[in-house]
file work-v4.pdb (PDB, C-alpha atoms)
ATOM      1  CA  MET A   9       0.000   0.000   0.000
ATOM      2  CA  PRO A  10       1.310   3.469  -0.822
ATOM      3  CA  ALA A  11       2.178   5.839   1.986
ATOM      4  CA  GLN A  12      -0.437   8.365   3.003
ATOM      5  CA  PRO A  13       0.138  11.764   1.387
ATOM      6  CA  PRO A  14       1.146  14.755   3.475
ATOM      7  CA  ARG A  15      -1.536  17.127   4.562
ATOM      8  CA  ASP A  16      -2.488  19.467   1.763
ATOM      9  CA  ALA A  17      -1.979  23.060   2.875
ATOM     10  CA  THR A  18      -4.060  24.349  -0.037
ATOM     11  CA  ARG A  19      -6.989  22.212   1.042
ATOM     12  CA  ASP A  20      -6.693  23.413   4.634
ATOM     13  CA  LEU A  21      -6.688  27.001   3.403
ATOM     14  CA  ALA A  22      -9.805  26.398   1.350
ATOM     15  CA  GLN A  23     -11.586  24.824   4.330
ATOM     16  CA  ASP A  24     -10.524  27.613   6.668
ATOM     17  CA  SER A  25     -11.623  30.316   4.223
ATOM     18  CA  ALA A  26     -15.023  28.726   3.579
ATOM     19  CA  PRO A  27     -17.762  30.835   5.219
ATOM     20  CA  ALA A  28     -19.539  29.426   8.250
ATOM     21  CA  THR A  29     -22.849  27.878   7.210
ATOM     22  CA  ASP A  30     -25.239  25.476   8.858
ATOM     23  CA  PRO A  31     -24.000  21.978   7.881
ATOM     24  CA  ALA A  32     -27.603  20.792   7.634
ATOM     25  CA  GLU A  33     -28.171  23.162   4.728
ATOM     26  CA  LEU A  34     -25.201  21.820   2.708
ATOM     27  CA  PRO A  35     -25.364  18.731   0.488
ATOM     28  CA  GLU A  36     -23.614  15.592   1.708
ATOM     29  CA  THR A  37     -20.824  14.159  -0.450
ATOM     30  CA  PRO A  38     -19.290  10.676  -0.174
ATOM     31  CA  GLU A  39     -15.847  10.215   1.294
ATOM     32  CA  PRO A  40     -13.139  10.026  -1.402
ATOM     33  CA  ARG A  41     -11.734   6.561  -2.068
ATOM     34  CA  VAL A  42      -8.370   7.878  -3.255
ATOM     35  CA  ARG A  43      -6.335  10.975  -2.493
ATOM     36  CA  GLU A  44      -3.395  12.541  -4.258
ATOM     37  CA  PHE A  45       0.166  11.690  -3.267
ATOM     38  CA  PRO A  46       3.482  12.373  -5.063
ATOM     39  CA  ALA A  47       4.552   9.853  -7.672
ATOM     40  CA  HIS A  48       8.049   8.401  -7.612
ATOM     41  CA  SER A  49       9.982  10.111 -10.395
ATOM     42  CA  ILE A  50      13.529  11.188 -11.176
ATOM     43  CA  GLY A  51      15.044  13.982 -13.205
ATOM     44  CA  GLY A  52      14.503  13.412 -16.883
ATOM     45  CA  GLY A  53      17.901  14.785 -17.905
ATOM     46  CA  ILE A  54      19.815  11.751 -16.615
ATOM     47  CA  ALA A  55      17.271   9.351 -18.132
ATOM     48  CA  LEU A  56      17.520  11.131 -21.484
ATOM     49  CA  LEU A  57      21.335  10.889 -21.490
ATOM     50  CA  LEU A  58      21.224   7.196 -20.582
ATOM     51  CA  GLY A  59      18.718   6.547 -23.351
ATOM     52  CA  LEU A  60      20.854   8.318 -25.936
ATOM     53  CA  PHE A  61      23.921   6.466 -24.709
ATOM     54  CA  GLY A  62      22.055   3.163 -25.084
ATOM     55  CA  LEU A  63      21.121   4.018 -28.659
ATOM     56  CA  LEU A  64      24.759   4.808 -29.461
ATOM     57  CA  VAL A  65      25.876   1.511 -27.931
ATOM     58  CA  ALA A  66      23.219  -0.321 -29.948
ATOM     59  CA  ALA A  67      24.417   1.371 -33.125
ATOM     60  CA  ALA A  68      28.036   0.441 -32.374
ATOM     61  CA  LEU A  69      27.099  -3.173 -31.672
ATOM     62  CA  PHE A  70      25.087  -3.374 -34.851
ATOM     63  CA  ALA A  71      28.007  -1.970 -36.893
ATOM     64  CA  GLY A  72      30.361  -4.445 -35.239
ATOM     65  CA  GLY A  73      28.015  -7.317 -36.012
ATOM     66  CA  VAL A  74      27.745  -6.341 -39.659
ATOM     67  CA  ASN A  75      31.530  -6.178 -40.006
ATOM     68  CA  ALA A  76      32.182  -9.409 -38.060
ATOM     69  CA  SER A  77      33.526 -12.284 -40.120
ATOM     70  CA  ALA A  78      32.288 -15.154 -37.984
ATOM     71  CA  THR A  79      28.665 -16.035 -38.496
ATOM     72  CA  GLY A  80      27.957 -16.759 -34.806
ATOM     73  CA  ALA A  81      29.567 -13.505 -33.631
ATOM     74  CA  LYS A  82      27.712 -11.518 -36.264
ATOM     75  CA  ALA A  83      24.322 -12.921 -35.203
ATOM     76  CA  ALA A  84      25.080 -12.409 -31.507
ATOM     77  CA  LEU A  85      26.165  -8.781 -31.962
ATOM     78  CA  ILE A  86      23.133  -7.930 -34.101
ATOM     79  CA  VAL A  87      20.721  -9.523 -31.610
ATOM     80  CA  LEU A  88      22.452  -7.736 -28.717
ATOM     81  CA  ALA A  89      22.270  -4.434 -30.622
ATOM     82  CA  LEU A  90      18.534  -4.908 -31.152
ATOM     83  CA  LEU A  91      17.954  -5.695 -27.488
ATOM     84  CA  VAL A  92      19.977  -2.687 -26.305
ATOM     85  CA  GLY A  93      18.226  -0.384 -28.777
ATOM     86  CA  ILE A  94      14.765  -1.615 -27.789
ATOM     87  CA  GLY A  95      15.659  -1.230 -24.120
ATOM     88  CA  ALA A  96      16.923   2.340 -24.670
ATOM     89  CA  LEU A  97      13.792   3.312 -26.614
ATOM     90  CA  LEU A  98      11.562   1.704 -24.009
ATOM     91  CA  GLY A  99      13.343   3.556 -21.225
ATOM     92  CA  MET A 100      12.977   6.857 -23.029
ATOM     93  CA  CYS A 101       9.199   6.270 -23.213
ATOM     94  CA  GLY A 102       9.116   7.083 -19.487
ATOM     95  CA  LEU A 103      10.126  10.704 -20.100
ATOM     96  CA  ASN A 104       7.484  13.371 -19.397
ATOM     97  CA  THR A 105       7.530  17.103 -19.976
ATOM     98  CA  VAL A 106       5.505  18.857 -17.249
ATOM     99  CA  ALA A 107       4.755  22.553 -17.718
ATOM    100  CA  PRO A 108       4.049  24.953 -14.812
ATOM    101  CA  GLY A 109       0.388  24.737 -13.836
ATOM    102  CA  GLU A 110       0.093  21.139 -15.018
ATOM    103  CA  ALA A 111       0.250  17.695 -13.407
ATOM    104  CA  ARG A 112       0.490  14.081 -14.550
ATOM    105  CA  VAL A 113      -1.651  11.385 -12.927
ATOM    106  CA  VAL A 114       0.357   8.142 -13.061
ATOM    107  CA  GLN A 115      -1.329   4.717 -13.309
ATOM    108  CA  LEU A 116       0.268   1.273 -13.510
ATOM    109  CA  PHE A 117      -2.090  -1.317 -14.994
ATOM    110  CA  GLY A 118      -5.111   0.629 -13.734
ATOM    111  CA  ARG A 119      -3.742   1.325 -10.254
ATOM    112  CA  TYR A 120      -3.060   4.877  -9.104
ATOM    113  CA  ARG A 121       0.662   5.355  -8.486
ATOM    114  CA  GLY A 122       0.804   9.060  -7.670
ATOM    115  CA  THR A 123       0.891  12.481  -9.317
ATOM    116  CA  ILE A 124       3.809  14.380 -10.830
ATOM    117  CA  ARG A 125       3.610  18.100 -10.045
ATOM    118  CA  GLU A 126       7.275  19.055 -10.508
ATOM    119  CA  ASP A 127       7.662  21.034 -13.704
ATOM    120  CA  GLY A 128      10.370  20.196 -16.213
ATOM    121  CA  LEU A 129      11.540  16.882 -17.661
ATOM    122  CA  ARG A 130      10.717  13.929 -15.379
ATOM    123  CA  TRP A 131      11.073  10.158 -15.759
ATOM    124  CA  VAL A 132       8.777   7.468 -14.388
ATOM    125  CA  ASN A 133       8.197   3.800 -15.036
ATOM    126  CA  PRO A 134       7.723   3.531 -18.816
ATOM    127  CA  PHE A 135       4.982   0.885 -18.357
ATOM    128  CA  THR A 136       2.743   3.427 -16.605
ATOM    129  CA  SER A 137       0.146   5.639 -18.256
ATOM    130  CA  ARG A 138       0.211   9.372 -17.565
ATOM    131  CA  THR A 139      -2.878  11.602 -17.755
ATOM    132  CA  LYS A 140      -2.358  15.355 -18.060
ATOM    133  CA  ILE A 141      -4.490  17.606 -15.852
ATOM    134  CA  SER A 142      -4.316  21.379 -15.695
ATOM    135  CA  THR A 143      -4.050  22.855 -12.195
ATOM    136  CA  ARG A 144      -4.366  26.458 -13.374
ATOM    137  CA  VAL A 145      -7.101  28.776 -12.140
ATOM    138  CA  ARG A 146     -10.189  28.627 -14.349
ATOM    139  CA  ASN A 147     -13.386  30.595 -14.856
ATOM    140  CA  HIS A 148     -16.849  29.159 -15.321
ATOM    141  CA  GLU A 149     -19.773  31.463 -16.087
ATOM    142  CA  THR A 150     -23.258  30.050 -16.014
ATOM    143  CA  ALA A 151     -25.888  30.910 -18.564
ATOM    144  CA  VAL A 152     -28.683  33.286 -17.543
ATOM    145  CA  LEU A 153     -30.971  31.060 -15.470
ATOM    146  CA  LYS A 154     -34.689  31.728 -15.010
ATOM    147  CA  VAL A 155     -35.967  30.589 -11.604
ATOM    148  CA  ASN A 156     -38.562  31.574  -9.007
ATOM    149  CA  ASP A 157     -37.350  33.306  -5.861
ATOM    150  CA  ALA A 158     -38.606  32.614  -2.333
ATOM    151  CA  TYR A 159     -41.760  34.681  -2.987
ATOM    152  CA  GLY A 160     -42.490  32.885  -6.250
ATOM    153  CA  ASN A 161     -41.469  35.783  -8.486
ATOM    154  CA  PRO A 162     -39.655  34.752 -11.696
ATOM    155  CA  ILE A 163     -36.143  36.197 -11.801
ATOM    156  CA  GLU A 164     -33.087  35.869 -14.012
ATOM    157  CA  LEU A 165     -29.605  35.406 -12.617
ATOM    158  CA  ALA A 166     -26.146  34.250 -13.644
ATOM    159  CA  ALA A 167     -22.904  33.697 -11.749
ATOM    160  CA  VAL A 168     -19.198  33.338 -12.431
ATOM    161  CA  VAL A 169     -17.073  30.871 -10.456
ATOM    162  CA  VAL A 170     -13.279  30.946 -10.193
ATOM    163  CA  TRP A 171     -11.895  27.487  -9.396
ATOM    164  CA  LYS A 172      -8.935  25.163  -9.793
ATOM    165  CA  VAL A 173      -8.113  21.492  -9.346
ATOM    166  CA  ARG A 174      -6.754  20.869  -5.847
ATOM    167  CA  ASP A 175      -6.589  17.057  -5.765
ATOM    168  CA  THR A 176      -5.780  15.505  -9.147
ATOM    169  CA  ALA A 177      -6.544  11.970  -7.950
ATOM    170  CA  GLN A 178     -10.083  12.869  -6.900
ATOM    171  CA  ALA A 179     -10.644  14.840 -10.106
ATOM    172  CA  THR A 180      -9.617  11.788 -12.147
ATOM    173  CA  PHE A 181     -11.121   8.864 -10.245
ATOM    174  CA  GLU A 182     -13.987  10.223  -8.098
ATOM    175  CA  VAL A 183     -16.068  11.764 -10.909
ATOM    176  CA  ASP A 184     -16.578  10.858 -14.534
ATOM    177  CA  ASP A 185     -15.766  14.300 -15.981
ATOM    178  CA  PHE A 186     -14.738  16.959 -13.482
ATOM    179  CA  LEU A 187     -15.305  19.817 -15.960
ATOM    180  CA  GLU A 188     -18.908  18.806 -16.549
ATOM    181  CA  PHE A 189     -19.300  18.065 -12.841
ATOM    182  CA  VAL A 190     -18.266  21.593 -11.854
ATOM    183  CA  SER A 191     -20.564  23.105 -14.492
ATOM    184  CA  THR A 192     -23.600  21.108 -13.377
ATOM    185  CA  GLN A 193     -23.035  21.628  -9.654
ATOM    186  CA  THR A 194     -22.507  25.370 -10.136
ATOM    187  CA  GLU A 195     -25.855  25.688 -11.894
ATOM    188  CA  ALA A 196     -27.531  23.599  -9.184
ATOM    189  CA  ALA A 197     -26.053  25.764  -6.412
ATOM    190  CA  VAL A 198     -27.129  29.008  -8.105
ATOM    191  CA  ARG A 199     -30.685  27.695  -8.553
ATOM    192  CA  HIS A 200     -30.840  26.525  -4.939
ATOM    193  CA  ILE A 201     -29.661  29.875  -3.586
ATOM    194  CA  ALA A 202     -32.194  31.700  -5.805
ATOM    195  CA  ILE A 203     -35.190  29.745  -4.502
ATOM    196  CA  GLU A 204     -34.069  30.108  -0.883
ATOM    197  CA  TYR A 205     -34.105  33.933  -0.832
ATOM    198  CA  PRO A 206     -36.352  36.630  -2.324
ATOM    199  CA  TYR A 207     -35.209  39.200  -4.836
ATOM    200  CA  ASP A 208     -36.401  41.991  -2.487
ATOM    201  CA  ALA A 209     -37.248  41.271   1.155
ATOM    202  CA  HIS A 210     -40.529  42.672   2.532
ATOM    203  CA  ASP A 211     -39.154  42.934   6.047
ATOM    204  CA  GLU A 212     -36.031  44.838   6.982
ATOM    205  CA  ASP A 213     -34.378  41.930   8.838
ATOM    206  CA  GLY A 214     -34.725  39.381   6.019
ATOM    207  CA  LEU A 215     -31.979  38.615   3.518
ATOM    208  CA  SER A 216     -32.586  39.355  -0.161
ATOM    209  CA  LEU A 217     -30.641  38.703  -3.338
ATOM    210  CA  ARG A 218     -30.496  42.377  -4.269
ATOM    211  CA  GLY A 219     -30.091  43.947  -0.860
ATOM    212  CA  ASN A 220     -27.624  41.506   0.735
ATOM    213  CA  ALA A 221     -25.290  40.613  -2.110
ATOM    214  CA  GLU A 222     -22.240  39.976   0.101
ATOM    215  CA  GLU A 223     -24.039  37.593   2.477
ATOM    216  CA  ILE A 224     -25.703  35.701  -0.364
ATOM    217  CA  THR A 225     -22.362  35.410  -2.195
ATOM    218  CA  GLU A 226     -20.760  33.879   0.910
ATOM    219  CA  LYS A 227     -23.562  31.325   1.137
ATOM    220  CA  LEU A 228     -23.159  30.539  -2.563
ATOM    221  CA  ALA A 229     -19.420  29.971  -2.088
ATOM    222  CA  ALA A 230     -20.042  27.682   0.898
ATOM    223  CA  GLU A 231     -22.569  25.580  -1.002
ATOM    224  CA  LEU A 232     -20.317  25.360  -4.059
ATOM    225  CA  HIS A 233     -17.417  24.244  -1.879
ATOM    226  CA  ALA A 234     -19.553  21.455  -0.408
ATOM    227  CA  ARG A 235     -20.850  20.342  -3.801
ATOM    228  CA  VAL A 236     -17.524  20.123  -5.677
ATOM    229  CA  GLU A 237     -15.331  18.909  -2.818
ATOM    230  CA  ALA A 238     -15.791  15.297  -3.973
ATOM    231  CA  ALA A 239     -14.129  16.177  -7.301
ATOM    232  CA  GLY A 240     -11.029  17.622  -5.639
ATOM    233  CA  VAL A 241     -11.895  21.158  -6.775
ATOM    234  CA  GLN A 242     -11.213  24.342  -4.823
ATOM    235  CA  ILE A 243     -13.536  27.332  -5.215
ATOM    236  CA  VAL A 244     -11.471  30.520  -5.268
ATOM    237  CA  GLU A 245     -14.305  33.037  -5.718
ATOM    238  CA  SER A 246     -17.926  33.191  -6.836
ATOM    239  CA  ARG A 247     -19.978  36.233  -7.843
ATOM    240  CA  PHE A 248     -23.370  37.000  -9.360
ATOM    241  CA  THR A 249     -22.944  38.635 -12.766
ATOM    242  CA  HIS A 250     -26.634  39.094 -13.631
ATOM    243  CA  LEU A 251     -29.631  39.599 -11.360
ATOM    244  CA  ALA A 252     -32.973  40.973 -12.522
ATOM    245  CA  TYR A 253     -36.680  40.289 -12.592
ATOM    246  CA  ALA A 254     -37.970  38.263 -15.525
ATOM    247  CA  PRO A 255     -39.229  40.411 -18.441
ATOM    248  CA  GLU A 256     -42.872  39.482 -17.871
ATOM    249  CA  ILE A 257     -42.948  41.096 -14.419
ATOM    250  CA  ALA A 258     -40.112  43.591 -14.708
ATOM    251  CA  SER A 259     -42.377  46.569 -15.475
ATOM    252  CA  ALA A 260     -44.774  45.756 -12.634
ATOM    253  CA  MET A 261     -41.929  45.358 -10.150
ATOM    254  CA  LEU A 262     -40.377  48.616 -11.387
ATOM    255  CA  GLN A 263     -43.618  50.451 -10.649
ATOM    256  CA  ARG A 264     -43.686  48.867  -7.217
ATOM    257  CA  GLN A 265     -40.119  49.985  -6.507
ATOM    258  CA  GLN A 266     -40.912  53.490  -7.733
ATOM    259  CA  ALA A 267     -43.999  53.625  -5.515
ATOM    260  CA  GLY A 268     -41.930  52.517  -2.539
ATOM    261  CA  ALA A 269     -39.329  55.186  -3.306
ATOM    262  CA  VAL A 270     -42.043  57.880  -3.501
ATOM    263  CA  VAL A 271     -43.520  56.803  -0.172
ATOM    264  CA  ALA A 272     -40.084  56.831   1.443
ATOM    265  CA  ALA A 273     -39.338  60.263  -0.014
ATOM    266  CA  ARG A 274     -42.610  61.643   1.284
ATOM    267  CA  ARG A 275     -41.874  60.268   4.724
ATOM    268  CA  GLU A 276     -38.498  61.961   4.672
ATOM    269  CA  ILE A 277     -40.150  65.201   3.562
ATOM    270  CA  VAL A 278     -42.632  65.058   6.439
ATOM    271  CA  ASP A 279     -39.931  64.163   8.951
ATOM    272  CA  GLY A 280     -37.117  66.250   7.516
ATOM    273  CA  ALA A 281     -36.003  69.764   6.795
ATOM    274  CA  VAL A 282     -38.682  70.351   4.160
ATOM    275  CA  VAL A 283     -41.189  70.941   6.985
ATOM    276  CA  ALA A 284     -39.255  74.054   7.972
ATOM    277  CA  ALA A 285     -39.330  75.278   4.373
ATOM    278  CA  ARG A 286     -43.106  74.772   4.262
ATOM    279  CA  ARG A 287     -43.454  76.782   7.435
ATOM    280  CA  GLU A 288     -41.412  79.605   5.957
ATOM    281  CA  ILE A 289     -43.657  79.628   2.886
ATOM    282  CA  VAL A 290     -46.800  79.748   5.023
ATOM    283  CA  ASP A 291     -45.374  82.480   7.271
ATOM    284  CA  GLY A 292     -44.412  84.520   4.233
ATOM    285  CA  ALA A 293     -47.840  84.075   2.678
ATOM    286  CA  VAL A 294     -49.598  85.173   5.880
ATOM    287  CA  GLY A 295     -47.406  88.281   6.065
ATOM    288  CA  MET A 296     -48.208  89.171   2.433
ATOM    289  CA  VAL A 297     -51.946  88.776   3.050
ATOM    290  CA  GLU A 298     -51.773  90.961   6.150
ATOM    291  CA  ALA A 299     -49.821  93.639   4.252
ATOM    292  CA  ALA A 300     -52.328  93.534   1.371
ATOM    293  CA  LEU A 301     -55.356  93.951   3.656
ATOM    294  CA  ALA A 302     -53.652  96.728   5.612
ATOM    295  CA  ARG A 303     -52.697  98.621   2.399
ATOM    296  CA  ILE A 304     -56.249  98.335   1.023
ATOM    297  CA  SER A 305     -57.708  99.579   4.310
ATOM    298  CA  GLU A 306     -55.230 102.481   4.615
ATOM    299  CA  GLN A 307     -55.706 103.748   1.079
ATOM    300  CA  GLY A 308     -59.464 103.197   1.132
ATOM    301  CA  ILE A 309     -59.456 101.367  -2.194
ATOM    302  CA  VAL A 310     -62.560  99.332  -1.343
ATOM    303  CA  GLU A 311     -64.646  98.606   1.724
ATOM    304  CA  LEU A 312     -64.661  94.901   2.598
ATOM    305  CA  ASP A 313     -66.834  93.233   5.197
ATOM    306  CA  GLU A 314     -65.642  90.262   7.211
ATOM    307  CA  GLU A 315     -67.035  87.716   4.740
ATOM    308  CA  ARG A 316     -65.249  89.381   1.769
ATOM    309  CA  LYS A 317     -62.035  89.609   3.769
ATOM    310  CA  ALA A 318     -62.207  85.878   4.572
ATOM    311  CA  ALA A 319     -62.749  85.097   0.876
ATOM    312  CA  MET A 320     -59.829  87.313  -0.129
ATOM    313  CA  VAL A 321     -57.554  85.700   2.493
ATOM    314  CA  SER A 322     -58.523  82.232   1.273
ATOM    315  CA  ASN A 323     -57.837  83.077  -2.357
ATOM    316  CA  LEU A 324     -54.472  84.688  -1.619
ATOM    317  CA  MET A 325     -53.360  81.780   0.544
ATOM    318  CA  VAL A 326     -54.251  79.299  -2.202
ATOM    319  CA  VAL A 327     -52.321  81.326  -4.795
ATOM    320  CA  LEU A 328     -49.251  81.839  -2.586
ATOM    321  CA  CYS A 329     -49.002  78.349  -1.032
ATOM    322  CA  GLY A 330     -50.240  76.180  -3.854
ATOM    323  CA  ASP A 331     -47.790  73.993  -5.787
ATOM    324  CA  ARG A 332     -49.614  74.544  -9.083
ATOM    325  CA  ALA A 333     -50.401  77.651 -11.111
ATOM    326  CA  PRO A 334     -53.902  79.009 -10.232
ATOM    327  CA  GLN A 335     -56.644  79.386 -12.813
ATOM    328  CA  PRO A 336     -57.880  83.016 -12.734
ATOM    329  CA  VAL A 337     -61.618  83.747 -12.652
ATOM    330  CA  LEU A 338     -62.738  87.162 -13.921
ATOM    331  CA  ASN A 339     -65.701  88.704 -12.125
ATOM    332  CA  THR A 340     -67.564  91.045 -14.520
ATOM    333  CA  GLY A 341     -70.367  91.765 -12.079
ATOM    334  CA  THR A 342     -70.423  93.471  -8.724
ATOM    335  CA  LEU A 343     -68.303  92.518  -5.779
ATOM    336  CA  TYR A 344     -71.135  90.460  -4.266
ATOM    337  CA  GLN A 345     -72.163  88.613  -7.400
TER     338      GLN A 345
END

call {"tool": "encode", "arguments": {"input": "work-v4.pdb", "output": "structure tokens"}}
result
Amino acid sequence: MPAQPPRDATRDLAQDSAPATDPAELPETPEPRVREFPAHSIGGGIALLLGLFGLLVAAALFAGGVNASATGAKAALIVLALLVGIGALLGMCGLNTVAPGEARVVQLFGRYRGTIREDGLRWVNPFTSRTKISTRVRNHETAVLKVNDAYGNPIELAAVVVWKVRDTAQATFEVDDFLEFVSTQTEAAVRHIAIEYPYDAHDEDGLSLRGNAEEITEKLAAELHARVEAAGVQIVESRFTHLAYAPEIASAMLQRQQAGAVVAARREIVDGAVVAARREIVDGAVGMVEAALARISEQGIVELDEERKAAMVSNLMVVLCGDRAPQPVLNTGTLYQ
């Protein structure tokens, strides 16, 4: 049995950075049957030189066999040259070129024998098969999904997930196709988060997709981490890239939002500094009415009884304090008609 691999610091970092979420809300994944450990390999430079040296020896033996006069010696040298050449070529088949950000999963007759992560030219058992896996950071953006939120309103949303392969053994042997697995589980997580929370919360303490983007994103990252952990994948970051009401209710919801904004603005006007401005307008209007009545009385322009004065005060107050232009009415009769 192979030795247990050392503790993966990257995996610990991913688990430590995962946001705290109720474990009951996260999907359960089976325990992995195999984990990554380093494969036994040596520097490919020495193996390459030995292989080239073997080919030169095989060529020299073959030339010596061709030039040999004795029939037995000739046959022996030629056979030996063929064996040395085949052995050198077979040994060189174990050479692997590993680029930075790549790994090779090594198998011997179907059994996992480790992973090569060292970049450069490496040599392993030539009878093994080596599968190349990229360990670079990748992006996956979901299509625009149409789902119903917690209130049953149809919404559209999309997300982008930044991820990378953490455990190459799990990515190879635990799932059929880890690329398709990540794509499907990302879509499932986005749909699940969408139906768990409303687009806009009716109460102030409730979470909503639009109003609590940071909290919802943390929950999305936690659920994604739980879903793709079986495939040896680490979630680096996840964000919503599109969030809106579905077209069939977008106009109605826009009117609702506008109505809510108007109500909130009116409340602020009643409770805020606009009240003082209204008072100043009223005080100014009252002063203008008083000055008008006093000027008419002093100059004796017209004699007004109390009823006519009340009507004049009412009309002036409407004209001075109203928020719309007044419609004038011309009186062509007497003052009392």

call {"tool": "resolve_selection", "arguments": {"input": "work-v4.pdb", "expression": "the PyMOL selection byres ((chain A and resi 104-114) around 6)", "output": "number ranges by chain"}}
result
A: 103, 115, 121-125, 127-130, 137-144

call {"tool": "closest_residue", "arguments": {"input": "work-v4.pdb", "among": "A:Arg235, A:Ala167, A:Met325, A:Glu39", "to": "A:Met296", "atoms": "only C-alpha atoms"}}
result
A:Met325

call {"tool": "closest_atom_pairs", "arguments": {"input": "work-v4.pdb", "of": "stretch 35-106 of chain A", "to": "stretch 178-198 of chain A", "cutoff": "9 Å", "atoms": "only C-alpha atoms", "output": "JSON lines"}}
result
{"residue": "A:Pro40", "atom": "CA", "partner": "A:Glu182", "partner_atom": "CA", "distance": 6.8}
{"residue": "A:Arg41", "atom": "CA", "partner": "A:Glu182", "partner_atom": "CA", "distance": 7.4}
{"residue": "A:Val42", "atom": "CA", "partner": "A:Gln178", "partner_atom": "CA", "distance": 6.4}
{"residue": "A:Arg43", "atom": "CA", "partner": "A:Gln178", "partner_atom": "CA", "distance": 6.1}
{"residue": "A:Glu44", "atom": "CA", "partner": "A:Gln178", "partner_atom": "CA", "distance": 7.2}

call {"tool": "closest_residue", "arguments": {"input": "work-v4.pdb", "among": "A:Gly51, A:Val92, A:Ser77, A:Val297", "to": "A:Leu64", "atoms": "only C-alpha atoms"}}
result
A:Val92

call {"tool": "atom_distance", "arguments": {"input": "work-v4.pdb", "atom1": "atom CA of A:Asp175", "atom2": "atom CA of A:Trp131"}}
result
21.4 Å
